[in-house]
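What follows is one structure encoded as structure tokens, with my remarks underneath.
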Amino acid sequence: QVQLVESGGGLVQAGDSLRLSCAASGRTFKMNAMGWFRQAPGKEREFVARITWSSGITYYADSVKGRFTISRDNAKNTMYLQMNSLKPEDTAIYYCAADPVGTYLYSSGKYYYTDARYWGQGTQVTVSS
């Protein structure tokens with residue numbers, strides 16, 4: 001089992017920055033990757049970013065590419081999401097996830113992540129206009 005605890009959410013204005021953290025505990029040595037998902041009111045959960053635990057290779061959703069940066073500190077078993085130039089449409093509950101599960105779509109040349117092995121409880125991010 002892996003336990004995930006997010007922190008760092010809050011209320012900010014459009015254009016501001018925010019950094020989320022996710023502390024992992026338990027059988028973390030079995031993790032291959034971690035990621036962030038988000039769910040806005042009335043919408044389905046969507047993938048935000050992913051990072052491989054050992055090599056640090058990153059992958060982003062197009063909607064956040066260039067604005068968000070995912071990183072990790074292996075020594076602290078902690079993952080981060082630095083969010084810059086926030087927009088009102090970034091408002092959502094952000095979930096930390098261990099071992100995101102997805103499919104490679106040859107038609108688009110992109111990965112489509114929809115689930116994960118373990119989830120955190122979520123942290124609210126609200127961006128006002």
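Numbering starts fresh at 1 for the residues of each chain in the structure tokens, the chains themselves are lettered A, B, ... in the order given, and ligands are numbered from 1 as they appear.
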What's the 8 Å shell around segment 62-75 of chain A, counting only C-alpha atoms, without same-chain residues fewer than 2 positions away, as a JSON list (two decimals) with N, CA and C atoms, in the first residue's frame?
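Below is the file that was written, result_18.json:
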[["chain", "number", "residue", "atom", "x", "y", "z"],
["A", 48, "VAL", "N", -3.24, 15.70, -15.52],
["A", 48, "VAL", "CA", -2.51, 16.97, -15.56],
["A", 48, "VAL", "C", -1.04, 16.75, -15.92],
["A", 49, "ALA", "N", -0.35, 15.91, -15.15],
["A", 49, "ALA", "CA", 1.08, 15.71, -15.37],
["A", 49, "ALA", "C", 1.53, 14.41, -14.73],
["A", 50, "ARG", "N", 2.65, 13.91, -15.24],
["A", 50, "ARG", "CA", 3.22, 12.65, -14.74],
["A", 50, "ARG", "C", 4.74, 12.75, -14.72],
["A", 51, "ILE", "N", 5.35, 12.06, -13.74],
["A", 51, "ILE", "CA", 6.81, 12.02, -13.66],
["A", 51, "ILE", "C", 7.24, 10.62, -13.25],
["A", 53, "TRP", "N", 9.53, 8.05, -11.38],
["A", 53, "TRP", "CA", 10.15, 8.24, -10.08],
["A", 53, "TRP", "C", 11.68, 8.16, -10.16],
["A", 56, "GLY", "N", 12.91, 10.76, -13.62],
["A", 56, "GLY", "CA", 12.39, 12.12, -13.65],
["A", 56, "GLY", "C", 11.83, 12.57, -14.98],
["A", 58, "THR", "N", 9.20, 13.63, -17.55],
["A", 58, "THR", "CA", 7.92, 14.27, -17.32],
["A", 58, "THR", "C", 7.02, 14.22, -18.56],
["A", 60, "TYR", "N", 3.08, 16.10, -19.80],
["A", 60, "TYR", "CA", 2.05, 17.05, -19.41],
["A", 60, "TYR", "C", 0.84, 16.99, -20.34],
["A", 77, "ASN", "N", 10.56, 11.51, -0.67],
["A", 77, "ASN", "CA", 9.35, 10.83, -1.16],
["A", 77, "ASN", "C", 8.22, 11.82, -1.40],
["A", 78, "THR", "N", 8.56, 12.93, -2.01],
["A", 78, "THR", "CA", 7.60, 14.00, -2.21],
["A", 78, "THR", "C", 7.61, 14.45, -3.67],
["A", 79, "MET", "N", 6.43, 14.70, -4.18],
["A", 79, "MET", "CA", 6.25, 15.20, -5.55],
["A", 79, "MET", "C", 5.65, 16.59, -5.47],
["A", 80, "TYR", "N", 5.96, 17.41, -6.45],
["A", 80, "TYR", "CA", 5.48, 18.78, -6.47],
["A", 80, "TYR", "C", 4.81, 19.11, -7.80],
["A", 81, "LEU", "N", 3.96, 20.11, -7.75],
["A", 81, "LEU", "CA", 3.39, 20.68, -8.98],
["A", 81, "LEU", "C", 3.45, 22.19, -8.85],
["A", 82, "GLN", "N", 4.37, 22.80, -9.58],
["A", 82, "GLN", "CA", 4.46, 24.24, -9.60],
["A", 82, "GLN", "C", 3.53, 24.76, -10.68],
["A", 83, "MET", "N", 2.58, 25.57, -10.28],
["A", 83, "MET", "CA", 1.57, 26.08, -11.21],
["A", 83, "MET", "C", 1.74, 27.59, -11.36],
["A", 84, "ASN", "N", 2.09, 28.02, -12.54],
["A", 84, "ASN", "CA", 2.26, 29.44, -12.83],
["A", 84, "ASN", "C", 1.19, 29.91, -13.81],
["A", 85, "SER", "N", 1.02, 31.22, -13.89],
["A", 85, "SER", "CA", 0.06, 31.82, -14.80],
["A", 85, "SER", "C", -1.29, 31.13, -14.71],
["A", 86, "LEU", "N", -1.77, 30.99, -13.49],
["A", 86, "LEU", "CA", -3.02, 30.27, -13.27],
["A", 86, "LEU", "C", -4.20, 30.99, -13.90]]
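Relative to atom CA of Ala92 of chain A, atom CA of Ala23 of chain A is found at 19.6 Å.
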Which residues are near segment 99-116 of chain A? Cut-off 7 Å, only C-alpha atoms, ignore same chain within fewer than 5 positions. Put them as number ranges by chain. A: 31-35, 47
Using the selection just defined, write its residues with N, CA and C atoms as a CSV table (one decimal), in the first residue's frame.
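For reference, selection-v7.csv as written:
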chain,number,residue,atom,x,y,z
A,31,MET,N,6.8,2.1,-6.5
A,31,MET,CA,6.2,3.1,-7.4
A,31,MET,C,7.1,3.2,-8.6
A,32,ASN,N,6.5,3.3,-9.8
A,32,ASN,CA,7.3,3.6,-11.0
A,32,ASN,C,7.1,5.1,-11.4
A,33,ALA,N,6.0,5.6,-11.1
A,33,ALA,CA,5.7,7.0,-11.5
A,33,ALA,C,4.7,7.6,-10.6
A,34,MET,N,4.6,8.9,-10.6
A,34,MET,CA,3.6,9.6,-9.9
A,34,MET,C,3.0,10.7,-10.8
A,35,GLY,N,1.8,11.1,-10.4
A,35,GLY,CA,1.2,12.1,-11.3
A,35,GLY,C,0.2,13.0,-10.6
A,47,PHE,N,-6.3,14.2,-16.5
A,47,PHE,CA,-4.9,14.1,-16.3
A,47,PHE,C,-4.2,15.4,-16.4
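Here atom CA of Tyr59 of chain A stands at a distance of 22.2 Å from atom CA of Gln124 of chain A.
With only C-alpha atoms taken into account, the protein and nucleic acid residues at most 12 Å from Lys30 of chain A (excluding it and anything under 5 positions from it in its own chain) are Gln1, Val2, Ala24, Ser25, Thr52, Trp53, Ser54, Ala98, Asp99, Arg117 and Tyr118 of chain A.
Atom CA of Ala40 of chain A is found 8.4 Å from atom CA of Glu89 of chain A.
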Could you pull out the strand (DSSP E) residues of segment 15-123 of chain A from DSSP and send them as a PyMOL selection string? chain A and resi 18-26+33-39+46-52+58-60+68-73+78-83+92-105+110-119+123
